[in-house]
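The structure appears right after this line, and notes come after that.
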Amino acid sequence: MVLSWLEAKDPSCFLKLTLGQAKVSSTMFPLQGAQMLQTLEKSLRKSLPESIKDMTDDLDQYTNTYQVYSKDPQNCQEFLGSPEVINWKQHLQIQSCQSSLNKAVQNLAATKSLKIERSENILFIAAETIKKLIPSLLDTKTLSPGDGKPKAINQEKFKISSLGIPHAALVNKFWHFGGNERSQKFIERCIQNFPSSCLLGPEGNPVSWTLMDYTGETRMGGTLPEYRTQGLVSYAVYMQAQEMAKRGFPVYSHTVRTNTAMQKMSYTLQHIPMSCAWNQWLCSPM
């Protein structure tokens with residue numbers, strides 16, 4: 001995963017970059033001024049070989065991921081088109097909270113003969129994360145009633161735990177974007193390097209789960225069909241959020257607009273939908 005940016009001098013920016021397959025750390029800090037952003041840029045540029053060392057499989061859209069933020073999204077086509085910024089010969093994905101990047105990405109698709117699949121999803125951020133980082137966005141009137149905790153589960157029947165590498169195949173089977181060899185390897189790396197949460201059923205195997213990917217996002221929540229409608233994934237997501245907050249990570253996620261069940265769960269846990277969308281462009285050379 002590579003973080004790309006243009007004129008990133010906005011003091012309100014809050015950035016975190018996890019490089020390569022390094023074990024996750026809890027180091028995260030707000031960037032308070034242009035000078036601090038410039039210092040971060042210099043540091044990241046020195047580490048770029050680390051951040052791209054795993055992007056060697058041209059067909060791996062899971063690893064070949066770019067997070068893009070631009071202060072001038074309407075005029076960033078030249079920057080994004082540079083092979084020094086993005087390797088357009090690969091199958092890759094671009095992620096951004098800026099829908100206005102779409103014009104530049106679509107223009108590049110036309111000029112570089114790329115197939116583009118775009119999705120515009122709902123971005124949720126936990127109320128506690130907003131309160132800590134951007135309190136001006138927190139409107140208590142929009143919060144769900146209650147304390148933001150999931151309903152209780154039978155703790156004699158279900159035990160909270162974390163995922164292990166052998167569980168990657170199970171997650172891969174139920175992940176909407178998974179089901180193939182590359183996605184399973186991606187999940188294995190996430191489990192190996194980042195926090196995850198699951199509920200073990202009576203037989204000691206995961207029945208509900210969620211994990212963190214290399215962008216810090218909570219993803220891939222799922223439950224075995226025979227255990228659904230019991231609120232188990234809500235409990236797993238809640239426990240995951242507690243663990244991430246303890247390590248100093250912001251708690252956020254995205255969901256497709258048609259997934260009303262996950263939206264309801266997010267509302268119950270006091271995760272707030274943002275006005276900006278979470279955009280993904282899957283790019284494939286034709």
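Chain identifiers are assigned as A, B, and so on, following the order in which chains appear in the structure tokens; residues are numbered from 1 within each chain, and ligands are numbered from 1 in order of appearance.
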Determine which residues of segment 7-231 of chain A DSSP labels as alpha helix (DSSP H) from the backbone of this structure, then write them out as a ChimeraX atom specification. /A:34-52,77-81,102-111,127-133,168-174,181-193
How close does segment 105-199 of chain A get to segment 231-241 of chain A? List, as a tab-separated table, each residue of segment 105-199 of chain A within 6 Å, its nearest atom pair and the distance in Å to one decimal, counting only C-alpha atoms.
```
residue	atom	partner	partner_atom	distance
A:Pro150	CA	A:Tyr235	CA	5.6
A:Ser197	CA	A:Gln240	CA	5.4
A:Cys198	CA	A:Ala236	CA	5.6
```
Export of the given selection (N, CA, C and O atoms) as a PDB file, in the first residue's frame:
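In the end it all went to part_11.pdb:
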```
ATOM      1  N   PRO A 150     -23.126  -3.150  22.127  1.00  0.00           N
ATOM      2  CA  PRO A 150     -24.031  -4.141  21.516  1.00  0.00           C
ATOM      3  C   PRO A 150     -24.829  -4.855  22.600  1.00  0.00           C
ATOM      4  O   PRO A 150     -24.512  -4.768  23.789  1.00  0.00           O
ATOM      5  N   SER A 197     -10.555  -9.613  15.821  1.00  0.00           N
ATOM      6  CA  SER A 197     -11.442 -10.092  16.887  1.00  0.00           C
ATOM      7  C   SER A 197     -12.391 -11.135  16.309  1.00  0.00           C
ATOM      8  O   SER A 197     -12.816 -11.034  15.159  1.00  0.00           O
ATOM      9  N   CYS A 198     -12.718 -12.123  17.135  1.00  0.00           N
ATOM     10  CA  CYS A 198     -13.693 -13.122  16.708  1.00  0.00           C
ATOM     11  C   CYS A 198     -14.386 -13.693  17.932  1.00  0.00           C
ATOM     12  O   CYS A 198     -13.924 -13.533  19.067  1.00  0.00           O
TER      13      CYS A 198
END
```
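Shortest atom-to-atom contact with Asn75 of chain A among A:Ser100, A:Gln38, A:Thr63, A:Ser284: A:Ser100, counting only C-alpha atoms.
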So that I can check the surroundings of Ser119 of chain A, please list as a list in words every protein, DNA and RNA residue that reaches within 12 Å of it, counting only C-alpha atoms and ignoring chain neighbours fewer than 5 positions away.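 Residues meeting the cut-off are Gln93, Ile94, Gln95, Ser96, Cys97, Ser99, Asn102, His254, Thr255, Val256, Arg257, Thr258, Ala277, Trp278, Asn279, Gln280, Trp281, Leu282 and Cys283 of chain A.
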Written file, previous selection with C-alpha atoms, as a compact mmCIF listing (two decimals), in the first residue's frame:
```txt
# COMPACT_ATOMS: atom_id res chain seq x y z
CA GLN A 93 -7.11 -0.09 -6.54
CA ILE A 94 -7.32 3.54 -5.52
CA GLN A 95 -9.09 4.56 -2.33
CA SER A 96 -10.11 8.09 -1.37
CA CYS A 97 -12.71 10.09 0.53
CA SER A 99 -15.45 11.70 -4.97
CA ASN A 102 -13.42 10.41 -10.27
CA HIS A 254 -17.18 1.61 5.10
CA THR A 255 -20.17 -0.26 3.76
CA VAL A 256 -22.05 -0.36 0.50
CA ARG A 257 -25.25 1.67 0.39
CA THR A 258 -27.41 -1.42 -0.08
CA ALA A 277 -18.17 9.01 0.59
CA TRP A 278 -15.51 6.31 0.71
CA ASN A 279 -14.53 5.74 -2.92
CA GLN A 280 -12.78 2.79 -4.47
CA TRP A 281 -11.62 2.44 -8.06
CA LEU A 282 -10.57 -1.04 -9.21
CA CYS A 283 -8.27 -0.58 -12.19
```
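Using only C-alpha atoms, the residues found no farther than 12 Å from Lys185 of chain A, other than those of its own chain fewer than 2 positions away, are Asp54, Asp57, Asp60, Gln61, Tyr62, Thr63, Ile165, Pro166, His167, Ala168, Ala169, Val171, Asn172, Gly178, Gly179, Asn180, Glu181, Arg182, Ser183, Ile187, Glu188, Arg189, Cys190, Ile191 and Gln192 of chain A.
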With distances taken over only C-alpha atoms, which of A:Ile122, A:Met36, A:Leu59, A:Ala104 is nearest to Cys276 of chain A?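 Comparing A:Ile122, A:Met36, A:Leu59, A:Ala104 against Cys276 of chain A, the winner is A:Ile122.
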Between atom CA of Tyr252 of chain A and atom CA of Ile125 of chain A, what is the spacing in Å? 4.3 Å
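Omitting Ser253 of chain A and its sequence neighbours fewer than 2 positions away, and counting only C-alpha atoms, the residues within 10 Å are Asn121, Ile122, Leu123, Phe124, Ile125, Ala126, Met212, Gly216, Glu217, Thr218, Arg219, Met220, Pro250, Val251, Thr255, Ser266, His271, Pro273 and Trp278 of chain A.
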Atom CA of Gly221 of chain A to atom CA of Asn259 of chain A, distance in Å rounded to a single decimal: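 Going from atom CA of Gly221 of chain A over to atom CA of Asn259 of chain A covers 12.3 Å.
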Mind checking DSSP for segment 85-232 of chain A and telling me the strand (DSSP E) residues as a ChimeraX atom specification? /A:92-96,114-126,159-161,196-200,206-212,218-223
Selected residue of minimal separation from Glu120 of chain A among A:Asn107, A:Gln98, A:Gln155, A:Thr260, counting only C-alpha atoms: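 Looking at the shortest contact to Glu120 of chain A, the residue is A:Gln98.
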